[in-house]
Amino acid sequence: MITAHSRTACRFSNIIRVATLVATGFALSACAQIGGPGGSDLGLGGDAPAPIANASPGQMDQALQYWGAKYQKSPNDKQNALNFAKNLKAAGHKAQAFAVLQQASVRHGSDREIASEFGRLALETDKTQLAAKLLQIADDPANPDWRIVSGRGAALAKLGNYGEAVEMFERANRLAPSNPSVLNNLAMAHAGNGDLKQAETLLRQAGQNPMARAKVAKNLALVLELQGRKTEAQQIAKGGTDAIRRSINPTAQPQPSRSVAQATVR
């Protein structure tokens with residue numbers, strides 16, 4: 001007997017499978033047809049948004065089923081591909097998201113929105129040369145996005161082009177002033193280019209922001225150690241961003257703990 005649970009599990013497994021096999025053009029098995037067409041039984045009307053990063057597992061599964069069904073029905077639709085890929089990525093299925101975006105890139109040519117999503121995922125999965133090309137396509141001088149510009153800088157830095165990376169991160173910093181993620185990346189590009197003092201200055205600036213992530217303190221400790229200041233590096237490594245703030249303002253109080261969702265800079 002086929003239960004509602006087994007129908008859902010069957011449909012969900014095949015939605016993930018279609019993303020895995022999309023690059024080679026394999027079709028879904030008949031199992032995906034059990035339980036009604038297109039996700040209408042999911043309680044999501046219209047174009048449901050992609051889930052936020054801290055969605056519950058149930059919300060994530062529901063969104064994956066919904067967008068997977070829409071993508072299965074209309075794989076040439078750009079928004080279906082983007083939303084399905086974003087949900088796959090958020091759920092940790094990066095290889096499948098990559099396959100969906102790869103096909104969308106073929107179908108939609110030099111579309112900036114697809115190039116942006118595909119390029120940032122390529123960067124996350126260490127396909128740096130591809131990421132650099134895609135993010136260059138995505139970068140719209142008339143409507144710049146600091147995330148894309150920062151991604152271009154990260155790709156250049158990974159390729160060892162630190163001077164060009166500095167220029168790109170400086171541009172991103174003008175678009176998103178004092179963003180600790182951008183400042184961190186700009187600092188490490190300066191460090192790669194041999195300017196440790198400038199890297200230190202920028203990392204201390206980034207560390208003043210309550211939204212700064214732990215990697216800022218780790219990178220500052222590394223930069224200090226490279227300058228031979230081992231005791232200070234150990235203090236920063238041990239105390240994290242609170243130690244950075246106290247090193248500039250001795251009366252600064254430790255920041256209250258924050259959730260990962262609150263501390264993440266996007």
# chains A, B, ... in the order shown; residues from 1 in each chain; ligands from 1
$ select_by_dssp --residues "region 111-250 of chain A" --states "alpha helix (DSSP H)" --output "PyMOL selection string"
chain A and resi 112-124+128-138+146-158+162-175+180-192+196-207+214-226+230-248
$ residues_around --residues "Gly153 (chain A)" --least-positions-apart "3" --cutoff "10 Å" --atoms "only C-alpha atoms" --output "list in words"
Ala132, Leu135, Arg147, Ile148, Val149, Ser150, Leu156, Ala157, Lys158, Leu159, Asn161, Tyr162, Gly163, Glu164, Ala165, Val166, Glu167, Met168, Phe169, Glu170, Arg171, Ala172, Val182, Asn185, Leu186 and Ala189 of chain A
$ write_last_selection --atoms "N, CA and C atoms" --output "PDB file, in the first residue's frame"
ATOM      1  N   ALA A 132      35.584  33.179 -11.838  1.00  0.00           N
ATOM      2  CA  ALA A 132      36.081  34.479 -12.290  1.00  0.00           C
ATOM      3  C   ALA A 132      35.381  34.909 -13.575  1.00  0.00           C
ATOM      4  N   LEU A 135      31.486  35.659 -12.770  1.00  0.00           N
ATOM      5  CA  LEU A 135      31.261  36.864 -11.985  1.00  0.00           C
ATOM      6  C   LEU A 135      31.602  38.123 -12.774  1.00  0.00           C
ATOM      7  N   ARG A 147      28.257  42.082  -3.463  1.00  0.00           N
ATOM      8  CA  ARG A 147      28.534  40.651  -3.309  1.00  0.00           C
ATOM      9  C   ARG A 147      29.220  40.088  -4.550  1.00  0.00           C
ATOM     10  N   ILE A 148      28.773  40.540  -5.716  1.00  0.00           N
ATOM     11  CA  ILE A 148      29.387  40.086  -6.965  1.00  0.00           C
ATOM     12  C   ILE A 148      30.801  40.636  -7.081  1.00  0.00           C
ATOM     13  N   VAL A 149      30.959  41.927  -6.773  1.00  0.00           N
ATOM     14  CA  VAL A 149      32.274  42.558  -6.868  1.00  0.00           C
ATOM     15  C   VAL A 149      33.243  41.907  -5.879  1.00  0.00           C
ATOM     16  N   SER A 150      32.775  41.646  -4.662  1.00  0.00           N
ATOM     17  CA  SER A 150      33.622  40.977  -3.670  1.00  0.00           C
ATOM     18  C   SER A 150      33.969  39.562  -4.116  1.00  0.00           C
ATOM     19  N   LEU A 156      40.024  36.449  -7.862  1.00  0.00           N
ATOM     20  CA  LEU A 156      41.343  36.961  -8.251  1.00  0.00           C
ATOM     21  C   LEU A 156      42.390  36.622  -7.194  1.00  0.00           C
ATOM     22  N   ALA A 157      42.020  36.750  -5.918  1.00  0.00           N
ATOM     23  CA  ALA A 157      42.961  36.431  -4.845  1.00  0.00           C
ATOM     24  C   ALA A 157      43.325  34.948  -4.861  1.00  0.00           C
ATOM     25  N   LYS A 158      42.319  34.093  -5.075  1.00  0.00           N
ATOM     26  CA  LYS A 158      42.602  32.656  -5.141  1.00  0.00           C
ATOM     27  C   LYS A 158      43.524  32.313  -6.297  1.00  0.00           C
ATOM     28  N   LEU A 159      43.447  33.100  -7.355  1.00  0.00           N
ATOM     29  CA  LEU A 159      44.299  32.878  -8.525  1.00  0.00           C
ATOM     30  C   LEU A 159      45.669  33.540  -8.360  1.00  0.00           C
ATOM     31  N   ASN A 161      46.259  36.804  -8.022  1.00  0.00           N
ATOM     32  CA  ASN A 161      46.311  38.165  -8.571  1.00  0.00           C
ATOM     33  C   ASN A 161      45.923  39.167  -7.486  1.00  0.00           C
ATOM     34  N   TYR A 162      46.807  39.314  -6.482  1.00  0.00           N
ATOM     35  CA  TYR A 162      46.449  40.092  -5.296  1.00  0.00           C
ATOM     36  C   TYR A 162      46.270  41.577  -5.597  1.00  0.00           C
ATOM     37  N   GLY A 163      47.076  42.131  -6.500  1.00  0.00           N
ATOM     38  CA  GLY A 163      46.924  43.544  -6.837  1.00  0.00           C
ATOM     39  C   GLY A 163      45.557  43.840  -7.417  1.00  0.00           C
ATOM     40  N   GLU A 164      45.115  43.014  -8.363  1.00  0.00           N
ATOM     41  CA  GLU A 164      43.777  43.194  -8.950  1.00  0.00           C
ATOM     42  C   GLU A 164      42.694  42.911  -7.920  1.00  0.00           C
ATOM     43  N   ALA A 165      42.963  41.949  -7.029  1.00  0.00           N
ATOM     44  CA  ALA A 165      41.988  41.636  -5.979  1.00  0.00           C
ATOM     45  C   ALA A 165      41.797  42.835  -5.054  1.00  0.00           C
ATOM     46  N   VAL A 166      42.900  43.520  -4.708  1.00  0.00           N
ATOM     47  CA  VAL A 166      42.807  44.722  -3.866  1.00  0.00           C
ATOM     48  C   VAL A 166      41.900  45.753  -4.518  1.00  0.00           C
ATOM     49  N   GLU A 167      42.098  45.994  -5.807  1.00  0.00           N
ATOM     50  CA  GLU A 167      41.266  46.972  -6.524  1.00  0.00           C
ATOM     51  C   GLU A 167      39.792  46.576  -6.485  1.00  0.00           C
ATOM     52  N   MET A 168      39.519  45.286  -6.637  1.00  0.00           N
ATOM     53  CA  MET A 168      38.130  44.824  -6.647  1.00  0.00           C
ATOM     54  C   MET A 168      37.497  44.944  -5.253  1.00  0.00           C
ATOM     55  N   PHE A 169      38.248  44.585  -4.208  1.00  0.00           N
ATOM     56  CA  PHE A 169      37.716  44.696  -2.850  1.00  0.00           C
ATOM     57  C   PHE A 169      37.540  46.157  -2.435  1.00  0.00           C
ATOM     58  N   GLU A 170      38.423  47.034  -2.903  1.00  0.00           N
ATOM     59  CA  GLU A 170      38.237  48.456  -2.615  1.00  0.00           C
ATOM     60  C   GLU A 170      36.950  48.967  -3.250  1.00  0.00           C
ATOM     61  N   ARG A 171      36.663  48.482  -4.441  1.00  0.00           N
ATOM     62  CA  ARG A 171      35.408  48.843  -5.102  1.00  0.00           C
ATOM     63  C   ARG A 171      34.217  48.307  -4.308  1.00  0.00           C
ATOM     64  N   ALA A 172      34.316  47.068  -3.844  1.00  0.00           N
ATOM     65  CA  ALA A 172      33.244  46.491  -3.034  1.00  0.00           C
ATOM     66  C   ALA A 172      33.061  47.275  -1.741  1.00  0.00           C
ATOM     67  N   VAL A 182      33.854  42.351   3.676  1.00  0.00           N
ATOM     68  CA  VAL A 182      34.631  42.984   2.609  1.00  0.00           C
ATOM     69  C   VAL A 182      35.972  43.461   3.152  1.00  0.00           C
ATOM     70  N   ASN A 185      38.338  40.582   3.552  1.00  0.00           N
ATOM     71  CA  ASN A 185      38.891  40.130   2.275  1.00  0.00           C
ATOM     72  C   ASN A 185      39.899  41.122   1.706  1.00  0.00           C
ATOM     73  N   LEU A 186      39.607  42.407   1.850  1.00  0.00           N
ATOM     74  CA  LEU A 186      40.534  43.438   1.392  1.00  0.00           C
ATOM     75  C   LEU A 186      41.845  43.343   2.163  1.00  0.00           C
ATOM     76  N   ALA A 189      43.884  40.406   0.957  1.00  0.00           N
ATOM     77  CA  ALA A 189      44.479  40.672  -0.358  1.00  0.00           C
ATOM     78  C   ALA A 189      45.720  41.542  -0.195  1.00  0.00           C
TER      79      ALA A 189
END
$ residues_around --residues "region 226-229 of chain A" --least-positions-apart "6" --cutoff "10 Å" --atoms "only C-alpha atoms" --output "number ranges by chain"
A: 191, 196-197, 200, 220
$ closest_residue --among "A:Lys89, A:Lys94, A:Lys127, A:Lys78" --to "Gly109 (chain A)" --atoms "only C-alpha atoms"
A:Lys78
$ atom_distance --atom1 "CA of Pro144 (chain A)" --atom2 "CA of Asp126 (chain A)"
23.7 Å
$ closest_residue --among "A:Gln62, A:Pro57, A:Phe118, A:Gln136" --to "Lys86 (chain A)" --atoms "only C-alpha atoms"
A:Phe118
$ closest_residue --among "A:Leu101, A:Ala217, A:Leu82, A:Leu88" --to "Ala63 (chain A)" --atoms "only C-alpha atoms"
A:Leu88
$ closest_residue --among "A:Pro210, A:Gln79, A:His190, A:Leu183" --to "Trp67 (chain A)" --atoms "only C-alpha atoms"
A:Gln79
$ closest_residue --among "A:Leu224, A:Thr231, A:Ala214, A:Asn173" --to "Gln198 (chain A)" --atoms "only C-alpha atoms"
A:Leu224
$ closest_residue --among "A:Asn87, A:Gln235, A:Gly92, A:Pro75" --to "Ser105 (chain A)" --atoms "only C-alpha atoms"
A:Pro75
$ atom_distance --atom1 "CA of Arg213 (chain A)" --atom2 "CA of Ala155 (chain A)"
20.4 Å
$ decode --residues "region 110-209 of chain A" --atoms "C-alpha atoms" --output "short mmCIF file (atom, residue, chain, number, x, y, z; two decimals), in the first residue's frame"
data_model
loop_
_atom_site.label_atom_id
_atom_site.label_comp_id
_atom_site.auth_asym_id
_atom_site.auth_seq_id
_atom_site.Cartn_x
_atom_site.Cartn_y
_atom_site.Cartn_z
CA SER A 110 24.97 35.60 -20.48
CA ASP A 111 22.08 36.31 -18.11
CA ARG A 112 23.58 38.31 -15.23
CA GLU A 113 21.34 36.85 -12.51
CA ILE A 114 22.21 33.27 -13.42
CA ALA A 115 25.89 34.17 -13.84
CA SER A 116 25.87 35.71 -10.35
CA GLU A 117 24.36 32.66 -8.63
CA PHE A 118 26.42 30.19 -10.67
CA GLY A 119 29.62 32.19 -10.22
CA ARG A 120 29.33 32.44 -6.44
CA LEU A 121 28.59 28.72 -6.19
CA ALA A 122 31.57 27.95 -8.44
CA LEU A 123 33.72 30.02 -6.10
CA GLU A 124 32.42 28.12 -3.06
CA THR A 125 33.21 24.79 -4.73
CA ASP A 126 36.77 25.84 -5.73
CA LYS A 127 36.09 26.13 -9.45
CA THR A 128 37.94 29.41 -9.41
CA GLN A 129 38.62 29.98 -13.10
CA LEU A 130 34.96 29.39 -13.93
CA ALA A 131 33.89 31.63 -11.04
CA ALA A 132 36.08 34.48 -12.29
CA LYS A 133 34.55 34.30 -15.77
CA LEU A 134 30.96 34.07 -14.54
CA LEU A 135 31.26 36.86 -11.98
CA GLN A 136 32.78 39.14 -14.61
CA ILE A 137 29.64 38.52 -16.70
CA ALA A 138 27.42 39.12 -13.67
CA ASP A 139 29.08 42.41 -12.73
CA ASP A 140 26.86 45.20 -14.05
CA PRO A 141 28.65 48.59 -13.94
CA ALA A 142 25.31 50.36 -14.19
CA ASN A 143 23.85 48.46 -11.21
CA PRO A 144 26.75 47.06 -9.16
CA ASP A 145 26.23 44.51 -6.39
CA TRP A 146 28.91 44.43 -3.70
CA ARG A 147 28.53 40.65 -3.31
CA ILE A 148 29.39 40.09 -6.97
CA VAL A 149 32.27 42.56 -6.87
CA SER A 150 33.62 40.98 -3.67
CA GLY A 151 33.26 37.54 -5.28
CA ARG A 152 35.36 38.75 -8.22
CA GLY A 153 38.01 39.90 -5.76
CA ALA A 154 37.98 36.54 -3.98
CA ALA A 155 38.43 34.70 -7.29
CA LEU A 156 41.34 36.96 -8.25
CA ALA A 157 42.96 36.43 -4.85
CA LYS A 158 42.60 32.66 -5.14
CA LEU A 159 44.30 32.88 -8.52
CA GLY A 160 47.17 34.82 -6.94
CA ASN A 161 46.31 38.16 -8.57
CA TYR A 162 46.45 40.09 -5.30
CA GLY A 163 46.92 43.54 -6.84
CA GLU A 164 43.78 43.19 -8.95
CA ALA A 165 41.99 41.64 -5.98
CA VAL A 166 42.81 44.72 -3.87
CA GLU A 167 41.27 46.97 -6.52
CA MET A 168 38.13 44.82 -6.65
CA PHE A 169 37.72 44.70 -2.85
CA GLU A 170 38.24 48.46 -2.61
CA ARG A 171 35.41 48.84 -5.10
CA ALA A 172 33.24 46.49 -3.03
CA ASN A 173 34.08 48.52 0.08
CA ARG A 174 32.85 51.68 -1.63
CA LEU A 175 29.57 49.89 -2.40
CA ALA A 176 29.22 48.44 1.12
CA PRO A 177 31.22 50.73 3.43
CA SER A 178 32.66 49.12 6.57
CA ASN A 179 31.18 45.70 5.80
CA PRO A 180 33.40 43.42 7.93
CA SER A 181 33.38 40.64 5.34
CA VAL A 182 34.63 42.98 2.61
CA LEU A 183 37.21 44.56 4.94
CA ASN A 184 38.47 41.12 5.91
CA ASN A 185 38.89 40.13 2.27
CA LEU A 186 40.53 43.44 1.39
CA ALA A 187 42.93 43.00 4.30
CA MET A 188 43.97 39.51 3.23
CA ALA A 189 44.48 40.67 -0.36
CA HIS A 190 46.85 43.35 1.00
CA ALA A 191 48.59 40.66 3.06
CA GLY A 192 49.00 38.50 -0.02
CA ASN A 193 50.45 41.54 -1.76
CA GLY A 194 53.00 41.95 1.05
CA ASP A 195 51.42 44.92 2.88
CA LEU A 196 51.00 43.46 6.37
CA LYS A 197 50.56 46.82 8.14
CA GLN A 198 47.64 47.79 5.91
CA ALA A 199 46.16 44.33 6.42
CA GLU A 200 46.43 44.79 10.19
CA THR A 201 44.73 48.20 10.06
CA LEU A 202 41.82 46.86 8.02
CA LEU A 203 41.36 43.76 10.19
CA ARG A 204 41.26 45.88 13.34
CA GLN A 205 38.66 48.07 11.64
CA ALA A 206 36.61 45.01 10.67
CA GLY A 207 36.86 43.63 14.19
CA GLN A 208 35.13 46.72 15.62
CA ASN A 209 31.91 45.72 13.90
#
